[in-house]
Structures are given as C-alpha cells and as structure tokens.
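Asker: This is input-v5.cif, which holds mmCIF, C-alpha atoms:
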```cif
data_input
loop_
_atom_site.label_atom_id
_atom_site.label_comp_id
_atom_site.auth_asym_id
_atom_site.auth_seq_id
_atom_site.Cartn_x
_atom_site.Cartn_y
_atom_site.Cartn_z
CA MET A 197 0.00 0.00 0.00
CA GLU A 198 2.90 2.31 0.76
CA LYS A 199 4.35 1.89 -2.74
CA ILE A 200 0.97 2.70 -4.29
CA LEU A 201 0.69 5.89 -2.24
CA GLU A 202 4.25 6.82 -3.15
CA GLY A 203 3.46 6.26 -6.84
CA VAL A 204 0.31 8.37 -6.67
CA ILE A 205 2.13 11.22 -4.94
CA SER A 206 5.05 11.17 -7.38
CA SER A 207 2.65 11.03 -10.35
CA ALA A 208 0.75 14.05 -9.01
CA ILE A 209 3.95 16.01 -8.44
CA TYR A 210 5.39 15.20 -11.86
CA GLY A 211 2.03 15.88 -13.51
CA LEU A 212 1.83 19.29 -11.89
CA LEU A 213 5.45 19.99 -12.83
CA GLY A 214 4.70 19.00 -16.43
CA ILE A 215 1.66 21.29 -16.61
CA ILE A 216 3.67 24.22 -15.20
CA LEU A 217 6.51 23.65 -17.66
CA MET A 218 4.04 23.37 -20.56
CA GLY A 219 2.51 26.71 -19.55
CA ILE A 220 5.93 28.34 -19.37
CA GLY A 221 6.81 26.92 -22.79
CA PHE A 222 3.61 28.27 -24.33
CA LEU A 223 4.22 31.70 -22.76
CA VAL A 224 7.69 31.76 -24.34
CA VAL A 225 6.17 30.94 -27.75
CA LYS A 226 3.53 33.63 -27.22
CA LEU A 227 6.17 36.24 -26.31
CA VAL A 228 8.42 35.35 -29.25
CA ALA A 229 5.62 35.48 -31.85
CA PRO A 230 5.56 38.86 -33.63
CA PHE A 231 1.74 38.86 -33.73
CA SER A 232 -1.20 38.08 -31.47
CA ILE A 233 -1.75 34.33 -31.50
CA LYS A 234 -5.21 34.71 -29.97
CA LYS A 235 -6.33 37.22 -32.61
CA GLU A 236 -4.95 35.15 -35.49
CA ILE A 237 -6.64 31.93 -34.36
CA GLU A 238 -9.95 33.25 -32.99
CA VAL A 239 -10.72 36.34 -35.06
CA ASP A 240 -8.95 35.65 -38.36
CA GLN A 241 -9.68 31.87 -38.24
CA ASN A 242 -6.07 31.02 -39.12
CA THR A 243 -6.22 27.22 -39.08
CA SER A 244 -2.60 26.75 -40.14
CA LEU A 245 -1.36 28.75 -37.14
CA GLY A 246 -3.51 26.57 -34.88
CA ILE A 247 -1.88 23.47 -36.33
CA ILE A 248 1.59 24.98 -35.89
CA ILE A 249 0.87 25.92 -32.26
CA ALA A 250 -0.48 22.41 -31.64
CA GLY A 251 2.78 20.98 -33.02
CA VAL A 252 4.81 23.26 -30.78
CA ILE A 253 2.79 22.22 -27.73
CA ILE A 254 3.18 18.52 -28.58
CA GLY A 255 6.93 19.02 -29.05
CA ILE A 256 7.28 20.78 -25.71
CA SER A 257 5.23 18.07 -24.01
CA ILE A 258 7.49 15.34 -25.42
CA ILE A 259 10.56 17.19 -24.12
CA VAL A 260 8.98 17.69 -20.67
CA ALA A 261 7.89 14.03 -20.49
CA SER A 262 11.38 12.84 -21.42
CA ALA A 263 12.93 15.07 -18.77
CA ILE A 264 10.52 13.79 -16.12
CA VAL A 265 11.15 10.14 -17.03
CA SER A 266 14.89 10.77 -16.94
CA ILE A 267 14.62 12.39 -13.50
CA GLU A 268 12.49 9.50 -12.21
CA ASN A 269 15.01 6.93 -13.50
CA LYS A 270 17.90 8.76 -11.83
CA VAL A 271 16.02 8.90 -8.52
CA VAL A 272 15.26 5.18 -8.66
CA VAL A 273 18.89 4.31 -9.46
CA GLN A 274 20.25 6.57 -6.71
CA THR A 275 17.98 5.09 -4.06
CA GLY A 276 19.14 1.58 -4.94
CA GLN A 277 15.77 0.35 -6.15
CA ALA A 278 17.02 -0.40 -9.66
CA LYS A 279 16.82 -4.00 -10.76
CA THR A 280 19.53 -5.08 -13.12
CA GLN A 281 19.29 -8.12 -15.28
CA VAL A 282 22.33 -9.64 -16.91
CA SER A 283 21.82 -12.07 -19.73
CA ASN A 284 24.48 -14.18 -21.33
CA THR A 285 24.01 -14.34 -25.06
CA LYS A 286 26.25 -16.62 -27.06
#
```
Rewrite the structure of this file - the entire thing - as structure tokens.

Answerer:
Amino acid sequence: MEKILEGVISSAIYGLLGIILMGIGFLVVKLVAPFSIKKEIEVDQNTSLGIIIAGVIIGISIIVASAIVSIENKVVVQTGQAKTQVSNTK
C-alpha cells in the first residue's frame, strides 16, 4: 500500500510539474511570436497557425515528459531500487 501511495504522490507532483513547464513553454512561444496568437486563431480563423501551435505544444510536451522520465530513473537508481538483469548471449 505504501508503494501505491508513493506512486500516486510522485505522479501528481510530476504531472503538476509538467503542466507548469508546458505553460511556461507556451508563454515563451507567445512572447516570441511577432503577432497576437489569440487574434490570429480566434478572429482571423487562421487554421494553419492553430496546427503549428499544436505541433509546438506537442513538441514541448514530449521534451517535458522525457525530462521527467529521466529524472524518475535517476532517482530510482540513486535510491538503490534499480533491478539489473544480466543475460548471457552466445
């Protein structure tokens, strides 16, 4: 039961961290864009910009997910919980 609770807590923390980092990434894209993203998508109905922004968000989410998985793997290895399996292939 303790491991389940630990997993739920770490998932919630990493999920919140991922959402915060996604928001920061989108704000950076919004600040860098030389035009109003909201106006272009909502008022001018610029579908191609919506697709581009969706691609940027997916890219940022992949990067954030990879960073979180890498952090989780390092924590597991440092605490000694890593299970290693050695196979002899001939």

Asker: Nearest to Ile267 in chain A among A:Met218, A:Leu213, A:Met197, A:Val224, with distances taken over all atoms listed in the file: which residue is it?

Answerer: A:Leu213

Asker: Of the candidates A:Leu212, A:Val225, A:Ile200, A:Leu217, which one gets nearest to Gly251 in chain A if we count only C-alpha atoms?

Answerer: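 That would be A:Val225, the residue with the smallest distance to Gly251 in chain A.
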
Asker: Rounded to one decimal place, report the CA of Gln241 in chain A-CA of Ile216 in chain A distance in Å.

Answerer: 27.7 Å

Asker: Edge lengths and centre, in Å to one decimal, as lines of an AutoDock Vina configuration file: that's what I need for the box along x, y and z that holds all listed atoms of range 253-262 of chain A plus 6 Å on each side.

Answerer:
```
center_x = 7.1
center_y = 17.5
center_z = -24.8
size_x = 20.6
size_y = 21.4
size_z = 20.6
```

Asker: If you measure from CA of Ile237 in chain A to CA of Phe222 in chain A, what distance in Å do you get, rounded to one decimal?

Answerer: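 Calculated distance between CA of Ile237 in chain A and CA of Phe222 in chain A is 14.8 Å.
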
Asker: Write out as a list in words the residues lying within 12 Å of range 259-266 of chain A, counting all atoms listed in the file and excluding same-chain residues fewer than 5 positions away.

Answerer: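 These residues fall inside the cut-off: Ser206, Ser207, Ile209, Tyr210, Gly211, Leu212, Leu213, Gly214, Ile215, Ile216, Leu217, Met218, Gly219, Ile220, Gly221, Val252, Ile253, Ile254, Val271, Val272 and Val273 of chain A.
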
Asker: CA of Ile258 in chain A and CA of Gly246 in chain A are how many Å apart?

Answerer: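 A separation of 18.3 Å between them.
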